[in-house]
Amino acid sequence: MEQKKIGEFIAAQRKEKQMTQKQLGEALGISDKAISKWECGKGLPDISIMVPLCELLEINVNELLSGEHLTEDAYSRKAEENMMNLIQESENQKKENIRGNILRTVTWVMGNLLILFMLIMTSASQTNFPITFYFDMPSLIAMLFYLYLTLFFTGHTKNFRNAFSFLRRRKPESIEEAQKAIIAVSLAMKSLITAGAFCTLFFSIYLLWLTTNSMDLSTFTANMAITLIPFLYGVIGAAILMPVKGCLENKIL
């Protein structure tokens, strides 16, 4: 499809209706930046928005995808052509999604192996003396890395960044985009708590192993408390993100 031609057609129809980009965006529940992107030929309206957009501009979807008004003779021919273009774009999108999923899977597996290796090496370095606050930094790094991997693997990295962008000033281009941002924040909260719980469990098991291998029992209670710090990190992180999620739900949706 000729995005530039479609964009120019949208702009012409909007101006004919004496509407600004902001007015059209508000009528569709999206930002004026999204309208500008379409009219500059840098993107196409989402399928869920096409029908409402056509109703506002008083055109049909076939004309929208053709980027021009159609005569009765050209209508059927263009309809078939537009359908083939949509099918082709759908196939290309599927291929991109498959490649992206493979990349995310490989990255997720390698990342988790790296986290496990880091935790094992950290534990090994403590074999000759009790667990101390030395565990704090590796745990924090591991948790943040796990958070990144989770967002990347699920395809929510951009949505997570958008969540904070929406809070500042940028409006979402669609309700669906706002919902994805909320899902990304919720996923991040769960990931932090899960990662914190995993680190705490790992260090607790290691501490018990040290205890059975002549560790000084007088330091056991203090060190057991220290092993809870990663879980505390996760809870604090989730608590920080909770207001972000609430603001998105209240102000955007």
# chains A, B, ... in the order shown; residues from 1 in each chain; ligands from 1
>>> residues_around(residues="Leu64 (chain A)", least_positions_apart="2", cutoff="9 Å", atoms="only C-alpha atoms", output="count of residues only")
13
>>> residues_around(residues="Leu57 (chain A)", least_positions_apart="4", cutoff="7 Å", atoms="only C-alpha atoms", output="ChimeraX atom specification")
/A:13-14,53
>>> write_last_selection(atoms="N, CA and C atoms", output="compact mmCIF listing (two decimals), in the first residue's frame")
# COMPACT_ATOMS: atom_id res chain seq x y z
N GLN A 13 -9.26 14.81 3.20
CA GLN A 13 -10.63 14.59 3.69
C GLN A 13 -10.85 15.29 5.03
N ARG A 14 -9.82 15.28 5.87
CA ARG A 14 -9.94 15.96 7.17
C ARG A 14 -10.14 17.46 6.97
N LEU A 53 -12.83 5.96 11.57
CA LEU A 53 -12.16 7.01 10.80
C LEU A 53 -12.91 7.28 9.50
>>> atom_distance(atom1="CA of Gly29 (chain A)", atom2="CA of Ala11 (chain A)")
17.6 Å
>>> atom_distance(atom1="CA of Ile49 (chain A)", atom2="CA of Gly246 (chain A)")
26.0 Å
>>> atom_distance(atom1="CA of Met143 (chain A)", atom2="CA of Ser186 (chain A)")
15.7 Å
>>> residues_around(residues="Leu56 (chain A)", least_positions_apart="6", cutoff="9 Å", atoms="only C-alpha atoms", output="list in words")
Arg14, Lys17, Leu24, Ala27 and Leu28 of chain A
>>> write_last_selection(atoms="all heavy atoms", output="JSON list (two decimals), in the first residue's frame")
[["chain", "number", "residue", "atom", "x", "y", "z"],
["A", 14, "ARG", "N", -9.82, 15.28, 5.87],
["A", 14, "ARG", "CA", -9.94, 15.96, 7.17],
["A", 14, "ARG", "C", -10.14, 17.46, 6.97],
["A", 14, "ARG", "O", -11.00, 18.07, 7.61],
["A", 14, "ARG", "CB", -8.68, 15.69, 8.00],
["A", 14, "ARG", "CG", -8.63, 16.49, 9.30],
["A", 14, "ARG", "CD", -7.36, 16.22, 10.08],
["A", 14, "ARG", "NE", -6.15, 16.54, 9.34],
["A", 14, "ARG", "CZ", -5.69, 17.78, 9.19],
["A", 14, "ARG", "NH1", -6.35, 18.81, 9.69],
["A", 14, "ARG", "NH2", -4.56, 17.99, 8.52],
["A", 17, "LYS", "N", -13.52, 18.41, 5.84],
["A", 17, "LYS", "CA", -14.49, 18.41, 6.94],
["A", 17, "LYS", "C", -14.21, 19.52, 7.95],
["A", 17, "LYS", "O", -14.89, 19.62, 8.97],
["A", 17, "LYS", "CB", -14.46, 17.06, 7.67],
["A", 17, "LYS", "CG", -14.78, 15.87, 6.79],
["A", 17, "LYS", "CD", -16.15, 15.99, 6.17],
["A", 17, "LYS", "CE", -16.43, 14.82, 5.23],
["A", 17, "LYS", "NZ", -17.72, 14.99, 4.52],
["A", 24, "LEU", "N", -9.72, 15.53, 15.17],
["A", 24, "LEU", "CA", -9.90, 14.18, 14.63],
["A", 24, "LEU", "C", -9.38, 13.15, 15.62],
["A", 24, "LEU", "O", -10.01, 12.10, 15.83],
["A", 24, "LEU", "CB", -9.18, 14.05, 13.28],
["A", 24, "LEU", "CG", -9.31, 12.68, 12.59],
["A", 24, "LEU", "CD1", -10.77, 12.34, 12.34],
["A", 24, "LEU", "CD2", -8.53, 12.68, 11.27],
["A", 27, "ALA", "N", -11.79, 12.73, 18.48],
["A", 27, "ALA", "CA", -12.98, 11.99, 18.06],
["A", 27, "ALA", "C", -12.72, 10.49, 17.99],
["A", 27, "ALA", "O", -13.62, 9.68, 18.22],
["A", 27, "ALA", "CB", -13.45, 12.50, 16.70],
["A", 28, "LEU", "N", -11.46, 10.13, 17.71],
["A", 28, "LEU", "CA", -11.09, 8.71, 17.60],
["A", 28, "LEU", "C", -10.50, 8.17, 18.90],
["A", 28, "LEU", "O", -10.24, 6.97, 19.01],
["A", 28, "LEU", "CB", -10.07, 8.52, 16.47],
["A", 28, "LEU", "CG", -10.57, 8.80, 15.04],
["A", 28, "LEU", "CD1", -9.41, 8.78, 14.06],
["A", 28, "LEU", "CD2", -11.63, 7.77, 14.64]]
>>> residues_around(residues="Leu248 (chain A)", least_positions_apart="2", cutoff="9 Å", atoms="only C-alpha atoms", output="list in words")
Ala163, Phe166, Leu167, Ala178, Gln179, Ala181, Ile182, Pro243, Val244, Lys245, Gly246, Asn250, Lys251, Ile252 and Leu253 of chain A
>>> residues_around(residues="Lys22 (chain A)", least_positions_apart="4", cutoff="8 Å", atoms="only C-alpha atoms", output="list of chain:residue names")
A:Glu26, A:Ser31, A:Asp32
>>> write_last_selection(atoms="N, CA, C and O atoms", output="CSV table (one decimal), in the first residue's frame")
chain,number,residue,atom,x,y,z
A,26,GLU,N,-9.1,13.4,18.9
A,26,GLU,CA,-10.1,13.4,20.1
A,26,GLU,C,-11.3,12.6,19.7
A,26,GLU,O,-11.8,11.8,20.5
A,31,SER,N,-4.1,10.3,19.9
A,31,SER,CA,-3.4,11.6,19.9
A,31,SER,C,-3.3,12.2,18.6
A,31,SER,O,-3.4,11.5,17.5
A,32,ASP,N,-3.1,13.5,18.5
A,32,ASP,CA,-2.9,14.2,17.2
A,32,ASP,C,-1.6,13.8,16.5
A,32,ASP,O,-1.5,13.9,15.3
>>> closest_residue(among="A:Lys15, A:Lys190, A:Lys37, A:Lys42", to="Thr150 (chain A)", atoms="only C-alpha atoms")
A:Lys190
>>> select_by_dssp(residues="region 156-241 of chain A", states="helix (DSSP H, G or I)", output="PyMOL selection string")
chain A and resi 157-168+175-211+217-226+229-241
>>> residues_around(residues="Ala238 (chain A)", least_positions_apart="4", cutoff="8 Å", atoms="only C-alpha atoms", output="list in words")
Ala188, Met189, Lys190, Leu192, Ile193, Gly234 and Met242 of chain A
